[in-house]
Amino acid sequence: MRIVIKVGTSTLTHGTGRLNIRRVEELCKELSDIKNAGHELVLVSSGAIGMGVGKMRLRERPQDMPSKQAAAAVGQCELMYVYDKLFSEYNHTAAQILLTGEDMRDEARHRNFANTMLRLLEWGAVPVVNENDTVATDEIAVGDNDTLSALVAVSVKADLLVILSDIDGLYTADPHKNADARLVPEVRELTEELLAAAGGSGSALGTGGMATKLAAARLCMEAGCDMVIMNGSRPEALYDVIAGEAVGTRFVGRE
């Protein structure tokens, strides 16, 4: 299988913004083992701005564009250093890909991106994709890495996209506010009822929420790619997801 894994800021970092070392080490170990089993992997990783906030010991995520981009410049270095070091320990090579929205919208640039990704997969590398937050503005930004991960999955004709989040999956209502909220194990059609159940923004250090994940699911399902939302606190559950077992919420794009 060709699998895209998207990992969010809330999975990679503690609430302080500093790296959650144990979880990132577990994630890279599991991904390396999945590659050893013969699967092709692409990692779409958030966290540059969040890790920059932690590295610079800022009190909160900045709101103005220059500060966000400066934080991303600091955090992206540390993020790729960590991935390169951990994947190397398991004899795998990480490759950095930074994108803006224009790279996905412009036909020639998108074709070059897809060709590069496919060659990296042929070589057995692990492409690590992130939005180029150091130069992205509102005009050229993808907007969030949930959408980016779906665009990447469609571009490389992936079989499966797995979004690691701080929530177990899609619920019938916000589980933080409604005790009767139930986890939806499988979705074959994105109904208006499900779309209405999507909440707003995610964690303080991240940019995503359930609405962006459902938008990503729509892109994947229309392209015939399955998508799973699962809790990133247990990376070992990726084995069960790949085996087709019930973990989180699976959006079925393949019959």
# chains A, B, ... in the order shown; residues from 1 in each chain; ligands from 1
call {"tool": "residues_around", "arguments": {"residues": "Ala150 in chain A", "least_positions_apart": "2", "cutoff": "12 Å", "atoms": "only C-alpha atoms", "output": "ChimeraX atom specification"}}
result
/A:3-6,42-44,104,129,142,144-148,152-163,212-228
call {"tool": "write_last_selection", "arguments": {"atoms": "C-alpha atoms", "output": "PDB file, in the first residue's frame"}}
result
ATOM      1  CA  ILE A   3       0.062   5.427   2.652  1.00  0.00           C
ATOM      2  CA  VAL A   4       0.094   9.111   3.599  1.00  0.00           C
ATOM      3  CA  ILE A   5       0.313   9.831   7.333  1.00  0.00           C
ATOM      4  CA  LYS A   6      -0.598  13.306   8.549  1.00  0.00           C
ATOM      5  CA  VAL A  42       4.643   9.827   2.917  1.00  0.00           C
ATOM      6  CA  LEU A  43       4.595  11.884   6.120  1.00  0.00           C
ATOM      7  CA  VAL A  44       2.747  15.204   6.153  1.00  0.00           C
ATOM      8  CA  MET A 104      -0.648  22.624  -5.960  1.00  0.00           C
ATOM      9  CA  VAL A 129       5.857  17.322   3.564  1.00  0.00           C
ATOM     10  CA  VAL A 142      -2.933  25.902   1.451  1.00  0.00           C
ATOM     11  CA  ASP A 144      -4.059  23.779   6.903  1.00  0.00           C
ATOM     12  CA  ASN A 145      -2.217  20.477   6.754  1.00  0.00           C
ATOM     13  CA  ASP A 146      -5.407  18.398   6.766  1.00  0.00           C
ATOM     14  CA  THR A 147      -6.209  19.799   3.321  1.00  0.00           C
ATOM     15  CA  LEU A 148      -2.551  19.561   2.309  1.00  0.00           C
ATOM     16  CA  VAL A 152      -0.736  15.046  -1.392  1.00  0.00           C
ATOM     17  CA  ALA A 153      -2.594  11.723  -1.114  1.00  0.00           C
ATOM     18  CA  VAL A 154      -4.515  12.418  -4.308  1.00  0.00           C
ATOM     19  CA  SER A 155      -1.361  13.615  -6.102  1.00  0.00           C
ATOM     20  CA  VAL A 156       0.611  10.437  -5.353  1.00  0.00           C
ATOM     21  CA  LYS A 157      -2.439   8.173  -5.876  1.00  0.00           C
ATOM     22  CA  ALA A 158      -2.268   6.866  -2.317  1.00  0.00           C
ATOM     23  CA  ASP A 159      -4.416   3.969  -1.138  1.00  0.00           C
ATOM     24  CA  LEU A 160      -4.876   5.402   2.341  1.00  0.00           C
ATOM     25  CA  LEU A 161      -4.556   8.701   4.221  1.00  0.00           C
ATOM     26  CA  VAL A 162      -4.326   8.503   8.020  1.00  0.00           C
ATOM     27  CA  ILE A 163      -4.794  11.713  10.012  1.00  0.00           C
ATOM     28  CA  THR A 212     -10.915  20.745   7.762  1.00  0.00           C
ATOM     29  CA  LYS A 213     -10.684  16.978   8.246  1.00  0.00           C
ATOM     30  CA  LEU A 214     -14.061  16.459   6.619  1.00  0.00           C
ATOM     31  CA  ALA A 215     -12.976  18.641   3.714  1.00  0.00           C
ATOM     32  CA  ALA A 216      -9.906  16.410   3.401  1.00  0.00           C
ATOM     33  CA  ALA A 217     -12.124  13.331   3.553  1.00  0.00           C
ATOM     34  CA  ARG A 218     -14.239  14.641   0.678  1.00  0.00           C
ATOM     35  CA  LEU A 219     -11.135  15.096  -1.510  1.00  0.00           C
ATOM     36  CA  CYS A 220      -9.905  11.588  -0.720  1.00  0.00           C
ATOM     37  CA  MET A 221     -13.245   9.834  -1.160  1.00  0.00           C
ATOM     38  CA  GLU A 222     -13.827  11.494  -4.532  1.00  0.00           C
ATOM     39  CA  ALA A 223     -10.401  10.231  -5.650  1.00  0.00           C
ATOM     40  CA  GLY A 224     -11.035   6.675  -4.437  1.00  0.00           C
ATOM     41  CA  CYS A 225      -8.682   6.901  -1.443  1.00  0.00           C
ATOM     42  CA  ASP A 226      -9.676   5.745   2.045  1.00  0.00           C
ATOM     43  CA  MET A 227      -9.072   8.155   4.924  1.00  0.00           C
ATOM     44  CA  VAL A 228      -8.916   7.412   8.650  1.00  0.00           C
TER      45      VAL A 228
END
call {"tool": "residues_around", "arguments": {"residues": "range 84-97 of chain A", "least_positions_apart": "4", "cutoff": "12 Å", "atoms": "only C-alpha atoms", "output": "mmCIF file with N, CA and C atoms, in the first residue's frame"}}
result
data_model
loop_
_atom_site.group_PDB
_atom_site.id
_atom_site.type_symbol
_atom_site.label_atom_id
_atom_site.label_comp_id
_atom_site.auth_asym_id
_atom_site.auth_seq_id
_atom_site.Cartn_x
_atom_site.Cartn_y
_atom_site.Cartn_z
ATOM 1 N N ILE A 21 8.931 14.098 22.976
ATOM 2 C CA ILE A 21 10.008 13.240 22.488
ATOM 3 C C ILE A 21 9.573 11.782 22.427
ATOM 4 N N ARG A 22 8.941 11.287 23.467
ATOM 5 C CA ARG A 22 8.552 9.876 23.508
ATOM 6 C C ARG A 22 7.584 9.539 22.379
ATOM 7 N N ARG A 23 6.599 10.406 22.136
ATOM 8 C CA ARG A 23 5.604 10.113 21.112
ATOM 9 C C ARG A 23 6.212 10.167 19.708
ATOM 10 N N VAL A 24 7.080 11.149 19.469
ATOM 11 C CA VAL A 24 7.699 11.257 18.149
ATOM 12 C C VAL A 24 8.618 10.067 17.898
ATOM 13 N N GLU A 25 9.331 9.623 18.921
ATOM 14 C CA GLU A 25 10.188 8.440 18.774
ATOM 15 C C GLU A 25 9.344 7.203 18.471
ATOM 16 N N GLU A 26 8.211 7.049 19.159
ATOM 17 C CA GLU A 26 7.317 5.911 18.908
ATOM 18 C C GLU A 26 6.772 5.966 17.490
ATOM 19 N N LEU A 27 6.383 7.159 17.054
ATOM 20 C CA LEU A 27 5.818 7.316 15.717
ATOM 21 C C LEU A 27 6.834 6.928 14.646
ATOM 22 N N CYS A 28 8.053 7.434 14.757
ATOM 23 C CA CYS A 28 9.065 7.122 13.743
ATOM 24 C C CYS A 28 9.432 5.639 13.762
ATOM 25 N N LYS A 29 9.403 5.029 14.932
ATOM 26 C CA LYS A 29 9.666 3.591 15.027
ATOM 27 C C LYS A 29 8.575 2.800 14.309
ATOM 28 N N GLU A 30 7.294 3.155 14.566
ATOM 29 C CA GLU A 30 6.186 2.448 13.928
ATOM 30 C C GLU A 30 6.214 2.651 12.414
ATOM 31 N N LEU A 31 6.465 3.877 11.966
ATOM 32 C CA LEU A 31 6.490 4.154 10.535
ATOM 33 C C LEU A 31 7.635 3.411 9.851
ATOM 34 N N SER A 32 8.763 3.324 10.515
ATOM 35 C CA SER A 32 9.903 2.588 9.954
ATOM 36 C C SER A 32 9.574 1.116 9.825
ATOM 37 N N ASP A 33 8.884 0.557 10.815
ATOM 38 C CA ASP A 33 8.514 -0.854 10.763
ATOM 39 C C ASP A 33 7.487 -1.102 9.663
ATOM 40 N N ILE A 34 6.557 -0.159 9.480
ATOM 41 C CA ILE A 34 5.563 -0.277 8.409
ATOM 42 C C ILE A 34 6.267 -0.236 7.050
ATOM 43 N N LYS A 35 7.277 0.603 6.912
ATOM 44 C CA LYS A 35 8.059 0.618 5.678
ATOM 45 C C LYS A 35 8.799 -0.702 5.491
ATOM 46 N N ASN A 36 9.335 -1.239 6.575
ATOM 47 C CA ASN A 36 10.038 -2.518 6.480
ATOM 48 C C ASN A 36 9.121 -3.640 5.994
ATOM 49 N N GLU A 40 4.801 1.846 1.096
ATOM 50 C CA GLU A 40 5.389 3.146 0.776
ATOM 51 C C GLU A 40 4.740 4.199 1.667
ATOM 52 N N LEU A 41 5.560 5.092 2.219
ATOM 53 C CA LEU A 41 5.047 6.067 3.176
ATOM 54 C C LEU A 41 5.395 7.490 2.783
ATOM 55 N N VAL A 42 4.430 8.384 2.991
ATOM 56 C CA VAL A 42 4.643 9.827 2.917
ATOM 57 C C VAL A 42 4.160 10.396 4.241
ATOM 58 N N LEU A 43 4.959 11.256 4.850
ATOM 59 C CA LEU A 43 4.595 11.884 6.120
ATOM 60 C C LEU A 43 4.303 13.354 5.875
ATOM 61 N N VAL A 44 3.098 13.784 6.191
ATOM 62 C CA VAL A 44 2.747 15.204 6.153
ATOM 63 C C VAL A 44 2.739 15.692 7.589
ATOM 64 N N SER A 45 3.672 16.558 7.904
ATOM 65 C CA SER A 45 3.893 16.916 9.308
ATOM 66 C C SER A 45 3.670 18.394 9.567
ATOM 67 N N GLN A 76 11.065 24.654 11.798
ATOM 68 C CA GLN A 76 11.243 23.692 10.718
ATOM 69 C C GLN A 76 12.608 23.026 10.779
ATOM 70 N N CYS A 77 13.625 23.788 11.181
ATOM 71 C CA CYS A 77 14.977 23.215 11.325
ATOM 72 C C CYS A 77 14.978 22.092 12.351
ATOM 73 N N GLU A 78 14.378 22.356 13.500
ATOM 74 C CA GLU A 78 14.362 21.349 14.559
ATOM 75 C C GLU A 78 13.508 20.155 14.167
ATOM 76 N N LEU A 79 12.385 20.421 13.499
ATOM 77 C CA LEU A 79 11.484 19.357 13.092
ATOM 78 C C LEU A 79 12.191 18.375 12.159
ATOM 79 N N MET A 80 12.856 18.885 11.133
ATOM 80 C CA MET A 80 13.528 18.008 10.178
ATOM 81 C C MET A 80 14.758 17.340 10.785
ATOM 82 N N ASP A 103 1.968 25.836 -5.533
ATOM 83 C CA ASP A 103 2.588 24.608 -6.027
ATOM 84 C C ASP A 103 1.546 23.553 -6.368
ATOM 85 N N ASN A 112 5.646 18.781 -11.423
ATOM 86 C CA ASN A 112 7.017 18.617 -10.929
ATOM 87 C C ASN A 112 7.031 18.047 -9.514
ATOM 88 N N PHE A 113 6.112 18.547 -8.682
ATOM 89 C CA PHE A 113 6.001 18.039 -7.320
ATOM 90 C C PHE A 113 5.665 16.553 -7.321
ATOM 91 N N ALA A 114 4.657 16.168 -8.108
ATOM 92 C CA ALA A 114 4.237 14.765 -8.147
ATOM 93 C C ALA A 114 5.365 13.877 -8.654
ATOM 94 N N THR A 116 8.597 14.408 -8.453
ATOM 95 C CA THR A 116 9.631 14.317 -7.406
ATOM 96 C C THR A 116 9.204 13.348 -6.315
ATOM 97 N N MET A 117 7.942 13.430 -5.906
ATOM 98 C CA MET A 117 7.439 12.529 -4.871
ATOM 99 C C MET A 117 7.534 11.078 -5.309
ATOM 100 N N ARG A 119 9.525 9.775 -7.507
ATOM 101 C CA ARG A 119 10.920 9.330 -7.567
ATOM 102 C C ARG A 119 11.466 9.044 -6.168
ATOM 103 N N LEU A 120 11.114 9.880 -5.196
ATOM 104 C CA LEU A 120 11.547 9.626 -3.818
ATOM 105 C C LEU A 120 10.995 8.303 -3.309
ATOM 106 N N LEU A 121 9.749 7.999 -3.637
ATOM 107 C CA LEU A 121 9.159 6.724 -3.222
ATOM 108 C C LEU A 121 9.847 5.561 -3.922
ATOM 109 N N TRP A 123 12.901 5.486 -4.732
ATOM 110 C CA TRP A 123 14.193 5.353 -4.055
ATOM 111 C C TRP A 123 14.054 4.793 -2.638
ATOM 112 N N GLY A 124 12.847 4.672 -2.133
ATOM 113 C CA GLY A 124 12.635 4.153 -0.791
ATOM 114 C C GLY A 124 12.761 5.180 0.305
ATOM 115 N N ALA A 125 12.760 6.470 -0.054
ATOM 116 C CA ALA A 125 12.854 7.535 0.951
ATOM 117 C C ALA A 125 11.491 7.771 1.605
ATOM 118 N N VAL A 126 11.503 8.510 2.710
ATOM 119 C CA VAL A 126 10.266 8.939 3.374
ATOM 120 C C VAL A 126 10.121 10.441 3.157
ATOM 121 N N PRO A 127 9.322 10.874 2.177
ATOM 122 C CA PRO A 127 9.112 12.306 2.002
ATOM 123 C C PRO A 127 8.375 12.884 3.211
ATOM 124 N N VAL A 128 8.913 13.973 3.754
ATOM 125 C CA VAL A 128 8.269 14.677 4.863
ATOM 126 C C VAL A 128 7.787 16.016 4.312
ATOM 127 N N VAL A 129 6.468 16.172 4.222
ATOM 128 C CA VAL A 129 5.857 17.322 3.564
ATOM 129 C C VAL A 129 5.266 18.266 4.602
ATOM 130 N N ASN A 130 5.474 19.552 4.387
ATOM 131 C CA ASN A 130 4.853 20.565 5.236
ATOM 132 C C ASN A 130 4.554 21.773 4.366
ATOM 133 N N GLU A 131 3.600 22.585 4.788
ATOM 134 C CA GLU A 131 3.395 23.847 4.089
ATOM 135 C C GLU A 131 4.596 24.747 4.354
ATOM 136 N N ASN A 132 4.996 25.504 3.349
ATOM 137 C CA ASN A 132 6.157 26.381 3.487
ATOM 138 C C ASN A 132 5.743 27.639 4.250
ATOM 139 N N ASP A 133 5.611 27.487 5.560
ATOM 140 C CA ASP A 133 5.082 28.562 6.399
ATOM 141 C C ASP A 133 5.984 29.788 6.435
ATOM 142 N N LEU A 148 -3.806 19.871 3.003
ATOM 143 C CA LEU A 148 -2.551 19.561 2.309
ATOM 144 C C LEU A 148 -2.336 18.059 2.212
ATOM 145 N N VAL A 152 -1.911 15.892 -1.185
ATOM 146 C CA VAL A 152 -0.736 15.046 -1.392
ATOM 147 C C VAL A 152 -1.165 13.616 -1.695
#
call {"tool": "residues_around", "arguments": {"residues": "Leu195 in chain A", "least_positions_apart": "2", "cutoff": "12 Å", "atoms": "only C-alpha atoms", "output": "number ranges by chain"}}
result
A: 170-173, 187, 189-193, 197-200, 210-215, 217-218
call {"tool": "write_last_selection", "arguments": {"atoms": "N, CA and C atoms", "output": "short mmCIF file (atom, residue, chain, number, x, y, z; two decimals), in the first residue's frame"}}
result
data_model
loop_
_atom_site.label_atom_id
_atom_site.label_comp_id
_atom_site.auth_asym_id
_atom_site.auth_seq_id
_atom_site.Cartn_x
_atom_site.Cartn_y
_atom_site.Cartn_z
N LEU A 170 -14.44 11.00 14.19
CA LEU A 170 -15.62 11.85 14.00
C LEU A 170 -16.72 11.40 14.96
N TYR A 171 -17.29 12.37 15.67
CA TYR A 171 -18.39 12.09 16.60
C TYR A 171 -19.69 12.68 16.07
N THR A 172 -20.79 12.20 16.58
CA THR A 172 -22.09 12.72 16.20
C THR A 172 -22.32 14.13 16.74
N ALA A 173 -21.52 14.52 17.74
CA ALA A 173 -21.56 15.87 18.31
C ALA A 173 -20.21 16.12 18.97
N VAL A 187 -17.72 5.98 7.51
CA VAL A 187 -18.50 6.93 6.72
C VAL A 187 -18.34 6.56 5.24
N GLU A 189 -20.66 8.17 3.03
CA GLU A 189 -21.19 9.36 2.36
C GLU A 189 -21.16 10.51 3.36
N LEU A 190 -20.66 11.66 2.90
CA LEU A 190 -20.61 12.83 3.76
C LEU A 190 -21.95 13.56 3.67
N THR A 191 -22.82 13.28 4.62
CA THR A 191 -24.15 13.88 4.64
C THR A 191 -24.11 15.25 5.29
N GLU A 192 -25.16 16.02 5.09
CA GLU A 192 -25.26 17.34 5.71
C GLU A 192 -25.26 17.22 7.24
N GLU A 193 -25.82 16.14 7.74
CA GLU A 193 -25.84 15.93 9.20
C GLU A 193 -24.44 15.77 9.75
N ALA A 197 -22.06 18.36 12.22
CA ALA A 197 -21.49 17.93 13.50
C ALA A 197 -20.04 18.38 13.67
N ALA A 198 -19.40 18.84 12.57
CA ALA A 198 -18.00 19.26 12.64
C ALA A 198 -17.90 20.55 13.44
N GLY A 199 -16.91 20.58 14.34
CA GLY A 199 -16.71 21.76 15.18
C GLY A 199 -15.81 22.78 14.53
N GLY A 200 -15.20 23.63 15.35
CA GLY A 200 -14.34 24.70 14.86
C GLY A 200 -12.88 24.33 14.91
N MET A 210 -12.24 19.67 13.04
CA MET A 210 -12.94 18.60 12.35
C MET A 210 -13.44 19.04 10.98
N ALA A 211 -13.79 20.31 10.83
CA ALA A 211 -14.28 20.78 9.53
C ALA A 211 -13.23 20.60 8.45
N THR A 212 -11.98 20.91 8.76
CA THR A 212 -10.92 20.75 7.76
C THR A 212 -10.67 19.27 7.47
N LYS A 213 -10.88 18.42 8.45
CA LYS A 213 -10.68 16.98 8.25
C LYS A 213 -11.79 16.41 7.35
N LEU A 214 -12.99 16.92 7.49
CA LEU A 214 -14.06 16.46 6.62
C LEU A 214 -13.85 16.96 5.19
N ALA A 215 -13.31 18.15 5.05
CA ALA A 215 -12.98 18.64 3.71
C ALA A 215 -11.91 17.75 3.08
N ALA A 217 -11.46 14.60 3.83
CA ALA A 217 -12.12 13.33 3.55
C ALA A 217 -12.87 13.38 2.22
N ARG A 218 -13.51 14.50 1.93
CA ARG A 218 -14.24 14.64 0.68
C ARG A 218 -13.29 14.51 -0.51
#
call {"tool": "atom_distance", "arguments": {"atom1": "CA of Thr13 in chain A", "atom2": "CA of Leu98 in chain A"}}
result
20.2 Å
call {"tool": "select_by_dssp", "arguments": {"residues": "range 84-163 of chain A", "states": "alpha helix (DSSP H)", "output": "ChimeraX atom specification"}}
result
/A:84-89,101-105,107-122,145-155
call {"tool": "closest_residue", "arguments": {"among": "A:Thr16, A:Asn231, A:Thr100, A:Thr249", "to": "Thr134 in chain A", "atoms": "only C-alpha atoms"}}
result
A:Thr100
call {"tool": "atom_distance", "arguments": {"atom1": "CA of Gly169 in chain A", "atom2": "CA of Ile242 in chain A"}}
result
16.0 Å
call {"tool": "closest_residue", "arguments": {"among": "A:Arg2, A:Lys68, A:Arg111, A:Arg188", "to": "Val53 in chain A", "atoms": "only C-alpha atoms"}}
result
A:Lys68
call {"tool": "atom_distance", "arguments": {"atom1": "CA of Val7 in chain A", "atom2": "CA of Leu164 in chain A"}}
result
5.0 Å
call {"tool": "select_by_dssp", "arguments": {"residues": "range 12-161 of chain A", "states": "strand (DSSP E or B)", "output": "ChimeraX atom specification"}}
result
/A:13,19,40-45,94-99,126-131,160-161
